[in-house]
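First comes the structure, then the notes that go with it.
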Amino acid sequence: MEDVLNDVVSSEDLKKFESVYHEQLRASHVTQKAQFEYAWCLVRSKYSADIRKGILLLEDLYNNYDTEKRDCLYYLAIGNARIKEYSKALSYVRSFLQIEPANVQVQQLETLIKKKMEKEGLVGMAVAGGVIIGIASILGLGIAMAKKN
Amino acid sequence: MGVGKSCLLHQFTEKKFMADCPHTIGVEFGTRIIEVAGQKIKLQIWDTAGQERFRAVTRSYYRGAAGALMVYDITRRSTYNHLSSWLTDTRNLTNPSTVIFLIGNKSDLEGQRDVTYEEAKQFADEHGLMFVEASAKTGHNVEEAFLETAKKIFQSIQDGRLDLNAAESGVQHNPSQPGRTSLQGVSNEQQGGKDSCSC
Ligand SMILES: Nc1nc2c(ncn2[C@@H]2O[C@H](COP(=O)(O)OP(=O)(O)OP(=O)(O)O)[C@@H](O)[C@H]2O)c(=O)[nH]1
Ligand SMILES: [Mg+2]
């Protein structure tokens, strides 16, 4: 439990906030508070299916309500980083820093995400991936041309 | 405005003051390695957001804590008035051996003082809390507050009041690294009124 990216929610907590959310869902009145608390727990789950669900709930909050967009951006970045959607995570960090460039908490998150990418060799891979795509499209072109002949 | 928890932590880990610190979102983490009685101890510190909307979830971070630092702002009485409710929360969620330290922050703003040292000291004594006034800005008493908390936890371990092997104790002993003990603590906050989002 050293940093915000490997901080895992307890299953009691997840269940507790899940049941509040579902109760409100059944009553057809979900408060922003319940949705945010549940989403905040979901993005800290060890299961990626939960994290994805949390991301959907946060996106919904971000798109449909005016308040607390910074909270949503922050946890959207964390959620995406945890399921290794690094470019998405970094784009949320960037949107946040556009509004609050001096926010140390978010600057630290950015550093953390970049470190994690480096550790997983993803910075190098991104470049390699680009080259592979280049070859594939040349091949595709070659095949298309061969067919013509 | 916040009472200065993040600034206190930053002063303790980085020895710097953040003049315009925005409200914390959720929880932040900080660590520092210190030495107590010749032993290297790694402090893991959770800095919880004080704004009301985070309170339900940040509560769960108290559970694994060996120590807790409760902070109010000496220039705003409303933050002091909330101490009892935060203390109740902290006591309910931690175990009886959890060390609780009260910090009256922003002691550099003597001219704007709204809570006297004496009454806070009395409150601390009545509830068995350790207490200092500190300033995250000048660094006054910051080191002391964290180190005293760590020492007290360390003592509890040595007296056998805190069980190293209990999962809930907030203490991890690493036998492969002799003399490495990690302490976990939360710093929580007394925010005035509902949620005084300003800045
Ligand atoms: N003069 C003075 N200002 C301080 C001191 N400590 C913090 N501040 C200021 O008070 C404001 C709030 O400090 P924070 O550390 O963000 O407060 P917090 O308790 O973490 O707030 P939340 O994260 O919302 O819970 C910042 O603008 C700081 O610059 C201090 O010791 N003296
Ligand atoms: Mg803070």
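Every chain in the structure tokens has a letter given in the order shown (A, B, ...), and although residue numbers restart at 1 in each chain, ligands are simply numbered from 1 in the order shown.
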
Would you mind writing down, as a PDB file with C-alpha atoms, in the first residue's frame, each residue of segment 29-151 of chain B that DSSP on the backbone assigns to alpha helix (DSSP H)?
ATOM      1  CA  ARG B  55     -15.497  11.726   4.747  1.00  0.00           C
ATOM      2  CA  ALA B  56     -17.509   8.533   4.290  1.00  0.00           C
ATOM      3  CA  VAL B  57     -14.809   6.852   2.248  1.00  0.00           C
ATOM      4  CA  THR B  58     -11.725   8.261   3.992  1.00  0.00           C
ATOM      5  CA  ARG B  77     -12.637  28.398  16.044  1.00  0.00           C
ATOM      6  CA  SER B  78     -15.078  26.423  13.873  1.00  0.00           C
ATOM      7  CA  THR B  79     -12.309  23.934  13.087  1.00  0.00           C
ATOM      8  CA  TYR B  80     -11.612  23.540  16.804  1.00  0.00           C
ATOM      9  CA  ASN B  81     -15.290  23.064  17.647  1.00  0.00           C
ATOM     10  CA  LEU B  83     -12.692  18.188  17.314  1.00  0.00           C
ATOM     11  CA  SER B  84     -15.025  16.086  19.447  1.00  0.00           C
ATOM     12  CA  SER B  85     -16.879  14.666  16.475  1.00  0.00           C
ATOM     13  CA  TRP B  86     -13.613  13.785  14.715  1.00  0.00           C
ATOM     14  CA  LEU B  87     -12.240  12.302  17.885  1.00  0.00           C
ATOM     15  CA  THR B  88     -15.318  10.103  18.297  1.00  0.00           C
ATOM     16  CA  ASP B  89     -14.887   8.900  14.739  1.00  0.00           C
ATOM     17  CA  THR B  90     -11.221   8.214  15.237  1.00  0.00           C
ATOM     18  CA  ARG B  91     -11.751   6.335  18.493  1.00  0.00           C
ATOM     19  CA  ASN B  92     -14.559   4.250  17.003  1.00  0.00           C
ATOM     20  CA  LEU B  93     -12.558   3.256  13.983  1.00  0.00           C
ATOM     21  CA  TYR B 117      -3.267  27.375  23.756  1.00  0.00           C
ATOM     22  CA  GLU B 118      -4.633  26.741  27.252  1.00  0.00           C
ATOM     23  CA  GLU B 119      -8.102  25.595  26.254  1.00  0.00           C
ATOM     24  CA  ALA B 120      -6.789  23.269  23.570  1.00  0.00           C
ATOM     25  CA  LYS B 121      -4.258  21.872  26.015  1.00  0.00           C
ATOM     26  CA  GLN B 122      -7.049  21.236  28.487  1.00  0.00           C
ATOM     27  CA  PHE B 123      -9.136  19.495  25.830  1.00  0.00           C
ATOM     28  CA  ALA B 124      -6.130  17.316  24.955  1.00  0.00           C
ATOM     29  CA  ASP B 125      -5.483  16.422  28.593  1.00  0.00           C
ATOM     30  CA  GLU B 126      -9.117  15.540  29.230  1.00  0.00           C
ATOM     31  CA  VAL B 142       6.276  19.838  12.779  1.00  0.00           C
ATOM     32  CA  GLU B 143       9.147  17.396  13.065  1.00  0.00           C
ATOM     33  CA  GLU B 144       8.406  17.052  16.792  1.00  0.00           C
ATOM     34  CA  ALA B 145       4.742  16.121  16.289  1.00  0.00           C
ATOM     35  CA  PHE B 146       5.448  13.340  13.832  1.00  0.00           C
ATOM     36  CA  LEU B 147       8.487  12.040  15.708  1.00  0.00           C
ATOM     37  CA  GLU B 148       6.713  12.067  19.075  1.00  0.00           C
ATOM     38  CA  THR B 149       3.825  10.099  17.559  1.00  0.00           C
ATOM     39  CA  ALA B 150       6.268   7.566  16.111  1.00  0.00           C
ATOM     40  CA  LYS B 151       8.116   7.262  19.419  1.00  0.00           C
TER      41      LYS B 151
END

Go through chain A residue by residue and, counting only C-alpha atoms and all ligand atoms, keep those with an atom at most 12 Å from ligand 1; for each kept residue give the shortest atom pair and its distance in Å to one decimal, ordered by chain and increasing number, as CSV.
residue,atom,partner,partner_atom_place_in_ligand_line,distance
A:Asn103,CA,ligand 1,16 (O),10.5
A:Val104,CA,ligand 1,16 (O),10.6
A:Gln105,CA,ligand 1,23 (O),10.1

What are the closest atom pairs, with distances in Å to one decimal, for all residues of chain A lying within 8 Å of chain B? Consider only C-alpha atoms, order rows by chain and residue number, and present the result as JSON lines.
{"residue": "A:Glu2", "atom": "CA", "partner": "B:Phe29", "partner_atom": "CA", "distance": 7.3}
{"residue": "A:Asp3", "atom": "CA", "partner": "B:Phe29", "partner_atom": "CA", "distance": 6.0}
{"residue": "A:Val4", "atom": "CA", "partner": "B:Glu28", "partner_atom": "CA", "distance": 7.1}
{"residue": "A:Asp13", "atom": "CA", "partner": "B:Ser60", "partner_atom": "CA", "distance": 7.5}
{"residue": "A:Lys33", "atom": "CA", "partner": "B:Arg53", "partner_atom": "CA", "distance": 7.2}
{"residue": "A:Glu37", "atom": "CA", "partner": "B:Val57", "partner_atom": "CA", "distance": 6.7}
{"residue": "A:Asp71", "atom": "CA", "partner": "B:Ile25", "partner_atom": "CA", "distance": 6.1}
{"residue": "A:Tyr74", "atom": "CA", "partner": "B:Ile25", "partner_atom": "CA", "distance": 7.7}
{"residue": "A:Asn103", "atom": "CA", "partner": "B:Pro22", "partner_atom": "CA", "distance": 6.8}
{"residue": "A:Gln105", "atom": "CA", "partner": "B:Glu28", "partner_atom": "CA", "distance": 7.3}

Write the residues of the selection above to a file with C-alpha atoms, as a compact mmCIF listing (two decimals), in the first residue's frame.
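Dumped everything to part.txt:
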# COMPACT_ATOMS: atom_id res chain seq x y z
CA GLU A 2 2.66 2.44 -1.00
CA ASP A 3 0.92 4.72 -3.42
CA VAL A 4 -2.40 5.74 -4.93
CA ASP A 13 -16.13 -1.12 1.91
CA LYS A 33 -22.68 11.41 -3.52
CA GLU A 37 -18.45 7.03 -3.35
CA ASP A 71 -12.53 14.73 -8.33
CA TYR A 74 -8.40 12.56 -10.74
CA ASN A 103 -1.52 20.98 -8.29
CA GLN A 105 -1.08 15.93 -5.93

field: Within 7 Å of ligand 2, counting only C-alpha atoms and all ligand atoms, residues as a PyMOL selection string
entry: chain B and resi 2+4-6+23-24+47-50

query: When you draw a straight line from atom CA of Ser107 of chain B to atom CA of Phe12 of chain B, how long is it in Å?
result: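 If I compute the distance from atom CA of Ser107 of chain B to atom CA of Phe12 of chain B, I get 16.0 Å.
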
message: For Gln32 of chain A, find every residue with an atom within 10 Å (counting only C-alpha atoms), except residues of its own chain fewer than 5 positions away, and show them as a list in words.
response: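 Close residues of Gln32 of chain A: Tyr21, Glu37, Tyr38, Leu57, Leu58, Leu61, Tyr65, Thr67 and Glu68 of chain A.
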
message: Taking 3 positions as the minimum chain separation for residues in the same chain, which residues sit within 9 Å of Ile34 of chain B when counting only C-alpha atoms? Answer as JSON, numbers by chain.
response: {"B": [39, 40, 41, 42, 43, 147, 150]}

task: Write out as a list of chain:residue names all residues of segment 51-175 of chain B that backbone DSSP assigns to strand (DSSP E or B).
output: B:Gly67, B:Ala68, B:Leu69, B:Met70, B:Val71, B:Tyr72, B:Asp73, B:Val99, B:Ile100, B:Phe101, B:Leu102, B:Ile103, B:Gly104, B:Asn105, B:Met130, B:Phe131, B:Val132, B:Glu133, B:Val171, B:Gln172, B:His173, B:Asn174

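Residues in contact with Asp159 of chain B at up to 12 Å, not including ones fewer than 6 positions away on its chain and judged by only C-alpha atoms, are B:Ser97, B:Lys152, B:Ile153.
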